[in-house]
>>> print(open('start_0.cif').read())   # mmCIF, C-alpha atoms
data_entry
loop_
_atom_site.label_atom_id
_atom_site.label_comp_id
_atom_site.auth_asym_id
_atom_site.auth_seq_id
_atom_site.Cartn_x
_atom_site.Cartn_y
_atom_site.Cartn_z
CA MET A 473 81.95 78.49 53.52
CA LYS A 474 79.94 78.17 50.35
CA SER A 475 76.25 77.59 50.81
CA ASP A 476 76.21 74.10 49.32
CA GLU A 477 78.85 73.02 51.79
CA LEU A 478 76.93 74.52 54.63
CA LEU A 479 73.74 72.84 53.55
CA ALA A 480 75.49 69.60 52.60
CA PHE A 481 73.38 68.81 49.58
CA GLU A 482 73.27 69.68 45.89
CA THR A 483 71.63 73.09 45.87
CA ASP A 484 71.48 73.24 42.09
CA CYS A 485 68.91 70.46 41.73
CA HIS A 486 65.35 71.56 41.20
CA LEU A 487 62.08 69.97 40.18
CA PHE A 488 61.87 69.42 36.41
CA GLY A 489 65.66 69.87 36.22
CA ASP A 490 68.24 67.39 35.15
CA CYS A 491 68.86 65.78 38.52
CA GLY A 492 66.54 64.06 41.01
CA TYR A 493 65.71 64.89 44.60
CA PRO A 494 69.00 65.16 46.51
CA ALA A 495 67.97 63.15 49.56
CA PRO A 496 69.89 63.75 52.79
CA SER A 497 72.54 61.13 53.39
CA LEU A 498 75.35 60.37 55.75
CA TRP A 499 77.13 63.22 54.08
CA SER A 500 74.75 65.49 55.92
CA PHE A 501 76.65 64.47 59.07
CA GLU A 502 80.16 64.86 57.76
CA PHE A 503 81.82 68.21 57.67
CA GLU A 504 84.93 69.62 56.19
CA PRO A 505 87.41 70.12 58.98
CA ILE A 506 87.75 73.71 60.09
CA PHE A 507 91.42 72.95 60.68
CA THR A 508 93.58 69.87 60.97
CA LEU A 509 95.93 69.28 63.88
CA GLY A 510 98.11 66.29 63.07
CA PRO A 511 95.74 63.36 62.69
CA VAL A 512 92.85 65.26 64.24
CA GLU A 513 90.36 66.97 61.99
CA PHE A 514 88.59 69.66 63.95
CA THR A 515 85.03 69.81 62.62
CA LYS A 516 81.92 71.86 63.18
CA PRO A 517 80.28 69.43 65.65
CA MET A 518 83.43 69.57 67.78
CA LEU A 519 83.29 73.32 67.77
CA LEU A 520 79.64 73.19 68.75
CA ALA A 521 80.45 70.69 71.49
CA LEU A 522 82.99 73.12 72.92
CA LEU A 523 80.50 75.95 72.56
CA SER A 524 78.01 73.82 74.52
CA ILE A 525 80.37 73.99 77.49
CA ALA A 526 80.35 77.76 77.23
CA VAL A 527 76.57 77.87 76.87
CA VAL A 528 75.82 75.63 79.84
CA ILE A 529 78.43 77.13 82.12
CA GLY A 530 77.69 80.65 80.91
CA PHE A 531 74.00 80.33 81.67
CA PHE A 532 74.41 78.72 85.07
CA TRP A 533 77.33 80.93 86.01
CA ALA A 534 75.24 84.00 85.34
CA ALA A 535 72.41 82.49 87.37
CA PHE A 536 74.20 80.75 90.25
CA ALA A 537 77.64 82.35 90.70
CA LYS A 538 76.26 84.87 93.18
CA PRO A 539 72.97 83.31 94.19
CA LYS A 540 70.52 85.51 96.04
CA VAL A 541 68.14 84.39 98.70
CA VAL A 542 65.52 86.42 96.85
CA PRO A 543 66.24 85.31 93.28
CA GLY A 544 66.21 87.42 90.14
CA LYS A 545 64.48 86.25 86.98
CA LEU A 546 67.48 84.39 85.57
CA GLN A 547 68.22 82.68 88.86
CA MET A 548 64.59 81.72 89.22
CA VAL A 549 64.53 80.07 85.78
CA ALA A 550 67.81 78.28 86.47
CA GLU A 551 66.51 77.18 89.86
CA VAL A 552 63.43 75.67 88.26
CA LEU A 553 65.63 73.74 85.81
CA TYR A 554 68.01 72.66 88.55
CA ASP A 555 65.15 71.65 90.78
CA PHE A 556 63.65 69.66 87.94
CA VAL A 557 66.75 67.48 87.76
CA ARG A 558 67.44 67.42 91.46
CA ARG A 559 63.95 66.65 92.64
CA GLY A 560 62.31 65.28 89.50
CA ILE A 561 65.11 62.88 88.61
CA ALA A 562 67.67 62.39 91.39
CA ARG A 563 65.25 62.38 94.34
CA GLU A 564 62.48 60.66 92.42
CA VAL A 565 64.52 57.83 90.90
CA ILE A 566 67.35 57.26 93.36
CA GLY A 567 65.87 58.58 96.57
CA LYS A 568 67.76 60.12 99.47
CA GLN A 569 71.14 58.79 98.34
CA GLY A 570 70.59 60.57 95.04
CA GLU A 571 71.84 63.88 96.43
CA LYS A 572 75.43 62.71 95.89
CA TYR A 573 74.85 62.21 92.18
CA VAL A 574 72.98 65.44 91.52
CA PRO A 575 76.05 67.23 90.03
CA LEU A 576 76.59 64.40 87.55
CA LEU A 577 72.91 64.23 86.61
CA VAL A 578 72.65 68.00 86.27
CA SER A 579 75.79 68.09 84.08
CA LEU A 580 74.51 65.27 81.90
CA PHE A 581 71.06 66.72 81.48
CA PHE A 582 72.13 70.19 80.48
CA LEU A 583 75.07 69.08 78.37
CA VAL A 584 72.92 66.65 76.40
CA TRP A 585 70.22 69.26 76.04
CA ALA A 586 72.74 71.80 74.77
CA PHE A 587 74.19 69.18 72.38
CA ASN A 588 70.71 68.51 71.03
CA MET A 589 69.66 72.11 70.85
CA TRP A 590 72.21 73.01 68.17
CA ALA A 591 69.89 71.26 65.70
CA ILE A 592 67.64 74.28 65.52
CA ILE A 593 70.09 77.11 66.14
CA PRO A 594 70.55 79.02 62.86
CA VAL A 595 73.96 78.51 61.24
CA ALA A 596 74.78 75.66 63.66
CA GLN A 597 71.87 73.46 62.60
CA ILE A 598 73.37 70.12 63.48
CA PRO A 599 72.69 68.31 66.75
CA VAL A 600 76.06 67.48 68.27
CA SER A 601 74.59 64.29 69.68
CA SER A 602 73.82 63.05 66.17
CA ILE A 603 77.56 62.39 65.89
CA ILE A 604 78.02 59.08 67.69
CA GLY A 605 81.29 60.04 69.36
CA PHE A 606 79.63 62.47 71.77
CA PRO A 607 76.90 60.17 73.08
CA VAL A 608 79.55 57.49 73.41
CA ALA A 609 81.71 59.80 75.49
CA LEU A 610 78.84 60.61 77.86
CA THR A 611 77.84 56.95 78.02
CA LEU A 612 81.40 55.96 78.91
CA VAL A 613 81.21 58.22 81.92
CA VAL A 614 77.82 56.80 82.89
CA TRP A 615 79.11 53.23 82.46
CA VAL A 616 82.21 53.82 84.55
CA THR A 617 80.10 55.47 87.23
CA TYR A 618 77.59 52.61 87.13
CA MET A 619 80.29 49.94 87.49
CA THR A 620 82.18 51.87 90.15
CA ILE A 621 79.11 52.29 92.30
CA THR A 622 78.08 48.68 91.84
CA PHE A 623 81.40 47.26 92.99
CA ARG A 624 82.03 49.87 95.64
CA ALA A 625 78.64 49.33 97.22
CA HIS A 626 78.66 45.55 97.20
CA GLY A 627 82.26 44.40 96.74
CA PHE A 628 83.28 42.23 93.83
CA ALA A 629 81.06 39.21 94.55
CA GLY A 630 78.09 41.29 95.60
CA GLY A 631 78.57 43.55 92.61
CA MET A 632 78.62 40.61 90.23
CA ARG A 633 75.53 39.24 91.91
CA ASN A 634 73.86 42.60 91.48
CA LEU A 635 74.76 42.64 87.81
CA CYS A 636 73.89 39.00 87.06
CA VAL A 637 71.18 37.77 89.36
CA PRO A 638 67.85 39.53 89.55
CA GLY A 639 65.94 38.44 92.64
CA GLY A 640 62.61 36.75 93.20
CA LEU A 641 62.57 34.21 90.35
CA PRO A 642 62.35 30.41 90.27
CA LYS A 643 65.80 28.79 90.40
CA GLY A 644 65.70 27.14 86.97
CA ILE A 645 65.28 30.48 85.24
CA TYR A 646 68.65 31.70 86.47
CA VAL A 647 70.50 29.32 84.18
CA ILE A 648 69.27 31.33 81.21
CA LEU A 649 68.81 34.62 82.93
CA THR A 650 72.21 35.12 84.53
CA PRO A 651 74.22 35.46 81.29
CA LEU A 652 71.43 37.53 79.77
CA GLU A 653 71.34 39.82 82.75
CA LEU A 654 75.10 40.27 82.68
CA LEU A 655 74.98 41.01 78.97
CA SER A 656 72.10 43.41 79.46
CA ASN A 657 73.61 45.33 82.34
CA VAL A 658 77.21 45.52 81.21
CA PHE A 659 76.94 45.79 77.46
CA VAL A 660 73.43 46.39 76.17
CA ARG A 661 72.52 49.12 78.60
CA PRO A 662 75.40 51.46 77.75
CA PHE A 663 75.10 50.61 74.06
CA THR A 664 71.40 51.45 73.92
CA LEU A 665 71.91 54.52 76.08
CA ALA A 666 74.34 55.96 73.56
CA VAL A 667 72.53 54.76 70.45
CA ARG A 668 69.10 55.93 71.66
CA LEU A 669 70.32 59.49 72.00
CA PHE A 670 72.35 59.33 68.80
CA ALA A 671 69.57 57.79 66.71
CA ASN A 672 66.87 60.16 67.93
CA MET A 673 68.89 63.23 67.10
CA PHE A 674 70.17 61.70 63.88
CA ALA A 675 66.65 60.88 62.72
CA GLY A 676 65.37 64.28 63.77
CA HIS A 677 68.04 65.98 61.75
CA VAL A 678 67.33 63.80 58.71
CA LEU A 679 63.62 64.52 59.04
CA ILE A 680 64.17 68.26 59.03
CA LEU A 681 66.53 67.93 56.07
CA VAL A 682 64.06 65.84 54.06
CA PHE A 683 61.42 68.52 54.23
CA LEU A 684 63.75 71.47 53.97
CA ILE A 685 65.53 70.05 50.93
CA GLY A 686 62.12 69.17 49.53
CA ALA A 687 61.00 72.79 49.93
CA TRP A 688 64.10 74.02 48.19
CA TYR A 689 64.00 71.33 45.50
CA MET A 690 60.39 71.97 44.56
CA ALA A 691 60.52 75.74 44.70
CA GLY A 692 60.02 77.49 41.37
CA PRO A 693 57.48 79.27 39.20
CA HIS A 694 55.38 76.18 38.60
CA ILE A 695 53.08 73.69 40.33
CA GLY A 696 56.00 72.64 42.55
CA ALA A 697 55.61 75.89 44.53
CA LEU A 698 52.52 74.43 46.17
CA PHE A 699 54.43 71.38 47.38
CA SER A 700 57.32 73.57 48.31
CA VAL A 701 55.20 75.62 50.66
CA THR A 702 53.67 72.49 52.16
CA SER A 703 57.12 71.08 52.68
CA LEU A 704 58.27 74.29 54.34
CA VAL A 705 55.31 74.20 56.71
CA MET A 706 56.19 70.61 57.54
CA THR A 707 59.75 71.73 58.23
CA LEU A 708 58.48 74.23 60.75
CA LEU A 709 56.23 71.65 62.40
CA ILE A 710 59.05 69.10 62.56
CA THR A 711 61.34 71.76 63.99
CA ALA A 712 58.85 72.52 66.73
CA PHE A 713 58.55 68.80 67.38
CA GLU A 714 62.34 68.53 67.50
CA ILE A 715 62.49 71.19 70.21
CA PHE A 716 60.35 68.90 72.29
CA ILE A 717 62.37 65.79 71.37
CA GLN A 718 65.63 67.53 72.27
CA ALA A 719 64.49 68.17 75.82
CA LEU A 720 62.84 64.77 76.06
CA GLN A 721 65.97 62.89 75.00
CA ALA A 722 68.08 64.83 77.47
CA TYR A 723 65.53 63.85 80.12
CA VAL A 724 65.50 60.20 79.04
CA PHE A 725 69.28 60.02 79.05
CA THR A 726 69.44 61.48 82.56
CA VAL A 727 66.60 59.37 83.95
CA LEU A 728 68.19 56.19 82.62
CA THR A 729 71.50 57.17 84.17
CA ALA A 730 69.71 57.72 87.45
CA THR A 731 67.99 54.36 87.10
CA TYR A 732 71.32 52.60 86.60
CA ILE A 733 72.79 54.35 89.62
CA SER A 734 69.73 53.45 91.64
CA GLY A 735 70.05 49.81 90.54
CA ALA A 736 73.72 49.81 91.46
CA LEU A 737 72.99 51.12 94.94
CA GLU A 738 70.25 48.59 95.61
CA GLU A 739 70.97 45.69 97.89
CA ALA A 740 71.79 42.47 96.06
CA HIS A 741 68.91 40.05 96.29
CA MET B 885 84.00 69.06 46.70
CA MET B 886 85.55 67.94 49.95
CA ILE B 887 82.65 65.77 50.99
CA HIS B 888 82.98 63.72 47.84
CA LEU B 889 86.67 63.26 48.33
CA ALA B 890 85.97 61.58 51.62
CA ALA B 891 83.59 59.16 49.99
CA GLU B 892 86.25 56.56 49.47
CA GLU B 893 86.18 55.65 53.16
CA ALA B 894 83.34 53.36 54.22
CA GLN B 895 80.74 55.35 56.11
CA ASN B 896 79.41 54.03 59.39
CA PRO B 897 77.52 56.48 61.59
CA LEU B 898 77.87 54.11 64.57
CA LEU B 899 81.66 54.19 64.61
CA PRO B 900 82.85 56.96 66.88
CA ALA B 901 85.95 58.96 66.10
CA TRP B 902 88.22 59.29 69.12
CA PRO B 903 88.64 63.09 68.95
CA GLU B 904 84.89 63.41 69.35
CA ILE B 905 84.97 61.13 72.38
CA VAL B 906 87.77 63.17 73.87
CA ILE B 907 85.93 66.41 73.32
CA GLY B 908 82.73 64.89 74.72
CA LEU B 909 84.57 63.74 77.84
CA LEU B 910 86.22 67.11 78.16
CA ALA B 911 82.89 68.90 77.89
CA LEU B 912 81.24 66.72 80.52
CA GLY B 913 84.31 66.89 82.74
CA ILE B 914 84.51 70.66 82.69
CA ILE B 915 80.81 71.13 83.25
CA TYR B 916 80.80 68.56 86.04
CA LEU B 917 83.69 70.25 87.79
CA VAL B 918 82.13 73.69 87.59
CA PHE B 919 78.77 72.43 88.81
CA HIS B 920 80.24 70.20 91.51
CA LYS B 921 82.82 72.59 92.88
CA LYS B 922 81.28 75.97 92.43
CA LEU B 923 77.74 76.48 91.19
CA LEU B 924 75.69 73.82 92.92
CA PRO B 925 77.20 74.35 96.40
CA ALA B 926 76.58 78.07 95.97
CA VAL B 927 72.97 77.67 94.92
CA ASN B 928 72.30 74.97 97.49
CA LYS B 929 73.52 77.36 100.15
CA ALA B 930 71.22 80.05 98.84
CA LEU B 931 68.29 77.63 98.77
CA GLU B 932 69.05 76.54 102.30
CA GLU B 933 69.24 80.15 103.42
CA ARG B 934 65.94 80.85 101.74
CA ARG B 935 64.35 77.89 103.45
CA ALA B 936 65.74 79.10 106.76
CA ALA B 937 64.54 82.63 106.04
CA ILE B 938 61.06 81.41 105.23
CA GLU B 939 60.95 79.31 108.35
CA GLY B 940 62.40 82.22 110.35
CA GLY B 941 59.72 84.47 108.92
CA MET B 942 57.08 81.98 109.94
CA GLU B 943 58.50 81.81 113.43
CA LYS B 944 58.54 85.58 113.60
CA ALA B 945 54.94 85.72 112.44
CA GLU B 946 53.98 83.14 115.03
CA ALA B 947 55.74 85.12 117.74
CA ALA B 948 53.96 88.28 116.62
CA GLN B 949 50.66 86.47 116.70
CA ALA B 950 51.31 85.12 120.18
CA GLU B 951 52.25 88.61 121.34
CA ALA B 952 49.11 90.04 119.82
CA ARG B 953 47.05 87.38 121.55
CA GLN B 954 48.71 88.13 124.85
CA THR B 955 48.18 91.85 124.42
CA LEU B 956 44.53 91.25 123.65
CA GLU B 957 44.17 89.16 126.77
CA GLU B 958 45.87 91.79 128.86
CA TYR B 959 43.65 94.42 127.36
CA ARG B 960 40.55 92.39 128.10
CA GLU B 961 41.74 91.78 131.63
CA ARG B 962 42.31 95.48 132.15
CA LEU B 963 38.97 96.30 130.65
CA ALA B 964 37.28 93.88 133.02
CA GLU B 965 39.27 95.38 135.88
CA ALA B 966 38.24 98.87 134.84
CA ARG B 967 34.61 97.83 134.69
CA HIS B 968 34.89 96.28 138.09
CA GLU B 969 36.53 99.41 139.44
CA ALA B 970 33.84 101.61 137.94
CA ALA B 971 31.12 99.48 139.49
CA ARG B 972 32.88 99.63 142.82
CA LEU B 973 33.22 103.41 142.62
CA ARG B 974 29.57 103.76 141.74
CA GLU B 975 28.62 101.61 144.67
CA GLU B 976 30.86 103.60 146.96
CA ALA B 977 29.40 106.87 145.71
CA ARG B 978 25.91 105.59 146.29
CA GLU B 979 26.80 104.56 149.80
CA GLN B 980 28.46 107.88 150.46
CA GLY B 981 25.44 109.72 149.10
CA ALA B 982 23.13 107.70 151.30
CA THR B 983 25.30 108.43 154.34
CA LEU B 984 25.38 112.09 153.47
CA ILE B 985 21.61 112.25 153.12
CA ALA B 986 21.15 110.42 156.39
CA GLU B 987 23.56 112.79 158.10
CA MET B 988 21.82 115.81 156.71
CA ARG B 989 18.48 114.43 157.79
CA ASP B 990 19.83 113.91 161.30
CA GLU B 991 21.24 117.40 161.30
CA GLY B 992 17.93 118.82 160.15
CA ARG B 993 16.08 116.91 162.81
CA ARG B 994 18.53 118.07 165.42
CA GLN B 995 18.21 121.70 164.32
CA ARG B 996 14.45 121.47 164.28
CA GLU B 997 14.45 120.08 167.77
CA GLU B 998 16.76 122.84 168.91
CA ILE B 999 14.51 125.43 167.40
CA ILE B 1000 11.50 123.81 168.99
CA ALA B 1001 13.28 123.59 172.33
CA ALA B 1002 14.27 127.27 172.10
CA GLY B 1003 10.64 128.15 171.34
CA HIS B 1004 9.48 126.13 174.29
CA ALA B 1005 12.01 127.78 176.54
CA GLN B 1006 10.93 131.25 175.43
CA ILE B 1007 7.28 130.39 175.87
CA GLU B 1008 8.07 129.06 179.30
CA ALA B 1009 9.98 132.20 180.20
CA GLU B 1010 7.16 134.39 178.94
CA ARG B 1011 4.64 132.28 180.79
CA ARG B 1012 6.66 132.66 183.96
CA GLN B 1013 7.02 136.34 183.48
CA THR B 1014 3.29 136.64 182.78
CA ALA B 1015 2.48 134.51 185.77
CA GLU B 1016 4.78 136.73 187.86
CA THR B 1017 3.11 139.85 186.59
CA LEU B 1018 -0.25 138.25 187.12
CA ARG B 1019 0.63 137.30 190.67
CA GLN B 1020 1.80 140.81 191.40
CA ASP B 1021 -1.37 142.23 189.86
CA ILE B 1022 -3.52 139.78 191.75
CA GLY B 1023 -1.66 140.61 195.01
CA ARG B 1024 -2.10 144.27 194.41
CA LEU B 1025 -5.73 143.75 193.51
CA ALA B 1026 -6.23 141.51 196.49
CA THR B 1027 -4.59 144.12 198.72
CA GLU B 1028 -6.80 146.81 197.20
CA LEU B 1029 -9.82 144.65 197.61
CA ALA B 1030 -8.87 143.84 201.13
CA GLY B 1031 -8.35 147.52 201.89
CA ARG B 1032 -11.79 148.27 200.56
CA LEU B 1033 -13.28 145.47 202.47
CA VAL B 1034 -11.61 146.59 205.58
CA GLY B 1035 -12.69 150.21 204.94
CA GLU B 1036 -16.30 149.17 204.75
CA SER B 1037 -18.01 147.20 207.45
CA LEU B 1038 -17.21 143.63 207.49
CA GLU B 1039 -20.36 142.72 209.33
CA ASP B 1040 -22.73 143.78 206.70
CA HIS B 1041 -23.10 140.67 204.71
CA ALA B 1042 -25.18 142.29 202.08
CA ARG B 1043 -22.79 145.12 201.72
CA GLN B 1044 -20.07 142.65 201.73
CA SER B 1045 -21.48 140.79 198.84
CA ARG B 1046 -22.18 144.02 197.04
CA VAL B 1047 -18.60 145.06 197.46
CA ILE B 1048 -17.46 141.85 196.06
CA ASP B 1049 -19.82 142.13 193.16
CA ARG B 1050 -18.76 145.62 192.48
CA PHE B 1051 -15.18 144.59 192.65
CA LEU B 1052 -15.77 141.84 190.22
CA GLU B 1053 -17.64 144.12 187.87
CA GLU B 1054 -14.81 146.57 188.15
CA LEU B 1055 -12.46 143.82 187.29
CA GLU B 1056 -14.55 142.83 184.30
CA GLY B 1057 -14.79 146.46 183.31
CA ARG B 1058 -11.04 146.73 183.47
CA ALA B 1059 -10.66 143.57 181.48
CA GLU B 1060 -13.10 144.88 178.88
CA ALA B 1061 -11.33 148.20 178.80
CA ALA B 1062 -8.08 146.39 178.32
CA GLU B 1063 -9.74 144.32 175.67
CA ALA B 1064 -11.10 147.40 173.94
CA ALA B 1065 -7.79 149.16 174.22
CA ARG B 1066 -6.05 146.30 172.47
#
>>> encode(input="start_0.cif", output="C-alpha cells")
Amino acid sequence: MKSDELLAFETDCHLFGDCGYPAPSLWSFEFEPIFTLGPVEFTKPMLLALLSIAVVIGFFWAAFAKPKVVPGKLQMVAEVLYDFVRRGIAREVIGKQGEKYVPLLVSLFFLVWAFNMWAIIPVAQIPVSSIIGFPVALTLVVWVTYMTITFRAHGFAGGMRNLCVPGGLPKGIYVILTPLELLSNVFVRPFTLAVRLFANMFAGHVLILVFLIGAWYMAGPHIGALFSVTSLVMTLLITAFEIFIQALQAYVFTVLTATYISGALEEAH
Amino acid sequence: MMIHLAAEEAQNPLLPAWPEIVIGLLALGIIYLVFHKKLLPAVNKALEERRAAIEGGMEKAEAAQAEARQTLEEYRERLAEARHEAARLREEAREQGATLIAEMRDEGRRQREEIIAAGHAQIEAERRQTAETLRQDIGRLATELAGRLVGESLEDHARQSRVIDRFLEELEGRAEAAEAAR
C-alpha cells in the first residue's frame, strides 16, 4: 500500500503550499478492499475484526487452557480481567443469576476492547468499532438476548408488561409512558448501545487524525514547526486518552448489556 | 485514487454493511463458544480448586493448632505430675530418713544399755569374787585370831583386850603394808 492510502489523506499538502489543511473525513473510515469476493469487499477493518478473535482467544487460551491452582503471571493477569467482568459487572449488576451470563459478558467485553484497541496499534490504527457494522452486530446479539430473556422469564404478556409498564407511578402517567417505554426498551436502547460505541471510537479516531495530520501539515523549516510539535504532543496526549476511552467504552457496553439482562430478569411490577 | 472513485456513493457512517455485521457476529460467536465451552469452565474449576485448597490449608492449620494446644496441655499435665511425684519422693525420703535416724538412735541406746549391763554384771561378779575372797580371808583371820585367843588365857580380860588390840594393829599394819606395797 502506498503511504497516502494508508494514511487516508493528502500527504502532499503542507503549510504555505498550494492546498489547505486536509481535514480528516469519512474517507478516513473507508478502505480499499484487500480483495473482493463476489459482492463482498474484504477491507482492513474486517481483517482486524478477524484478528481480534485471534487476539482474544489467543490471550485467554494461553492463560486459561491449562489453568493452574497456583497461577503463573499470565494466568494471574487474565484472572484479574476475568474477575473484573465476572464480579465487577455480572455479580454487581445482575446478582446471583448473573453467573449464567458471564460467558456472554466476558466475550462482549474483551471483543469490544480488542475492537477498540486497534486504534492505537501501529499499522492497524483504526478502531474496528468505528465502523458501524461491528457495533451493530454485537448489539443485535445483545438485543436478541434481552428479548429472549424477557419473554422466557415472564411469558408473552408478562414480557410485554416488563417492556412497557414501569412500576410505581400514578395511573394517568401510563397513558404517555407505556408507548415511550416500549420505544425506549425495544428500539432506543439497542440503537444507542450501538451508536454510543461507534460514535466514541469514531470521534476518538477523528481526534487523533486531526492532530496527527496537523503535525504533518505544519511540519517544515519555518514557523509551522512550532505548531507541528505542539500538534504532535497533542496527538500523544489524545492517544493516551484514547487508551483509557477504549477500555471505558468496552466497560460501558458490557455494563449496559448486564443492566438490560438484569431488567429482563426482574419481576414485572 | 480508489477512495475518490468511491465518492459517487452517498456516505453515511451510520449505515452498516452486511459483511461487517456477519463478521462481527462471527467474531462474537466464536469467542463466546470458546469461552463458554472451554476456557471459563476450565478456569472456574481451577478457581474452585484454589478456594478449596485455601480452605483445606486453613483447616489443616487449625488442626495443627489444636494438636499443638493439646500437646501443650499434655505437657503441662505431665510437668505437674512430675512435680507432684518429686514432692512425694522428697516427702518419702524425709520420712525414711527420720525412721532411719530413729532406728539408729534406738539401736545406739540398746547397745549402750547392753554395754552398761555387761559392765554392771562384771562389777557384780568382781564384787562377789572380792566378797568371797574377803570372807575367806576374814574366816582365816578369825580362825587365826580365835587360835591365838584360845592359846592365851581367856580369863585375863586385860590380856584379852591387849590381844585384840594387837590383832587389830596387826591388821592395820597389814593393811598399811598392803597399801604401801601397792
>>> residues_around(input="start_0.cif", residues="range 722-731 of chain A", least_positions_apart="4", cutoff="8 Å", atoms="all atoms listed in the file", output="PDB file with C-alpha atoms, in the coordinates of the input")
ATOM      1  CA  ILE A 561      65.110  62.880  88.610  1.00  0.00           C
ATOM      2  CA  ALA A 562      67.670  62.390  91.390  1.00  0.00           C
ATOM      3  CA  VAL A 565      64.520  57.830  90.900  1.00  0.00           C
ATOM      4  CA  ILE A 566      67.350  57.260  93.360  1.00  0.00           C
ATOM      5  CA  LEU A 577      72.910  64.230  86.610  1.00  0.00           C
ATOM      6  CA  LEU A 580      74.510  65.270  81.900  1.00  0.00           C
ATOM      7  CA  PHE A 581      71.060  66.720  81.480  1.00  0.00           C
ATOM      8  CA  PHE A 582      72.130  70.190  80.480  1.00  0.00           C
ATOM      9  CA  VAL A 584      72.920  66.650  76.400  1.00  0.00           C
ATOM     10  CA  TRP A 585      70.220  69.260  76.040  1.00  0.00           C
ATOM     11  CA  ASN A 588      70.710  68.510  71.030  1.00  0.00           C
ATOM     12  CA  VAL A 614      77.820  56.800  82.890  1.00  0.00           C
ATOM     13  CA  LEU A 665      71.910  54.520  76.080  1.00  0.00           C
ATOM     14  CA  LEU A 669      70.320  59.490  72.000  1.00  0.00           C
ATOM     15  CA  GLN A 718      65.630  67.530  72.270  1.00  0.00           C
ATOM     16  CA  GLY A 735      70.050  49.810  90.540  1.00  0.00           C
TER      17      GLY A 735
END
>>> closest_atom_pairs(input="start_0.cif", of="chain B", to="chain A", cutoff="8 Å", atoms="all atoms listed in the file", output="Markdown table")
| residue | atom | partner | partner_atom | distance |
| --- | --- | --- | --- | --- |
| B:Met886 | CA | A:Glu504 | CA | 6.5 |
| B:Ile887 | CA | A:Trp499 | CA | 6.8 |
| B:Gln895 | CA | A:Leu498 | CA | 7.4 |
| B:Pro897 | CA | A:Ile604 | CA | 6.6 |
| B:Leu898 | CA | A:Ile604 | CA | 5.9 |
| B:Leu899 | CA | A:Ile604 | CA | 6.8 |
| B:Pro900 | CA | A:Gly605 | CA | 4.3 |
| B:Ala901 | CA | A:Gly605 | CA | 5.8 |
| B:Trp902 | CA | A:Gly605 | CA | 7.0 |
| B:Pro903 | CA | A:Val512 | CA | 6.7 |
| B:Glu904 | CA | A:Gly605 | CA | 4.9 |
| B:Ile905 | CA | A:Ala609 | CA | 4.7 |
| B:Val906 | CA | A:Ala609 | CA | 7.1 |
| B:Ile907 | CA | A:Met518 | CA | 6.9 |
| B:Gly908 | CA | A:Phe606 | CA | 4.9 |
| B:Leu909 | CA | A:Ala609 | CA | 5.4 |
| B:Ala911 | CA | A:Ile525 | CA | 5.7 |
| B:Leu912 | CA | A:Ser579 | CA | 6.7 |
| B:Ile914 | CA | A:Ile525 | CA | 7.4 |
| B:Ile915 | CA | A:Ser579 | CA | 5.9 |
| B:Tyr916 | CA | A:Ser579 | CA | 5.4 |
| B:Val918 | CA | A:Ile529 | CA | 7.4 |
| B:Phe919 | CA | A:Pro575 | CA | 6.0 |
| B:His920 | CA | A:Pro575 | CA | 5.3 |
| B:Lys922 | CA | A:Ala537 | CA | 7.5 |
| B:Leu923 | CA | A:Phe536 | CA | 5.6 |
| B:Leu924 | CA | A:Pro575 | CA | 7.2 |
| B:Ala926 | CA | A:Pro539 | CA | 6.6 |
| B:Val927 | CA | A:Pro539 | CA | 5.7 |
| B:Ala930 | CA | A:Val541 | CA | 5.3 |
| B:Leu931 | CA | A:Val541 | CA | 6.8 |
| B:Glu933 | CA | A:Val541 | CA | 6.4 |
| B:Arg934 | CA | A:Val541 | CA | 5.2 |
>>> residues_around(input="start_0.cif", residues="range 681-689 of chain A", least_positions_apart="5", cutoff="12 Å", atoms="all atoms listed in the file", output="MDAnalysis selection string")
chainID A and resid 476 479:501 591:592 597:598 674:676 696:711
>>> residues_near_point(input="start_0.cif", point="(-14.8, 144.8, 198.3)", cutoff="9 Å", atoms="all atoms listed in the file", output="list in words")
Glu1028, Leu1029, Ala1030, Gly1031, Arg1032, Leu1033, Val1034, Gly1035, Glu1036, Arg1043, Gln1044, Ser1045, Arg1046, Val1047, Ile1048, Asp1049, Arg1050, Phe1051 and Leu1052 of chain B
>>> residues_around(input="start_0.cif", residues="range 622-635 of chain A", least_positions_apart="3", cutoff="8 Å", atoms="all atoms listed in the file", output="PyMOL selection string")
chain A and resi 618-619+638+653-654+657-658+736-737+739-741
>>> atom_distance(input="start_0.cif", atom1="CA of Val660 in chain A", atom2="CA of Leu641 in chain A")
21.6 Å
>>> atom_distance(input="start_0.cif", atom1="CA of Gly570 in chain A", atom2="CA of Ile621 in chain A")
12.2 Å
>>> atom_distance(input="start_0.cif", atom1="CA of Ile645 in chain A", atom2="CA of Tyr732 in chain A")
23.0 Å
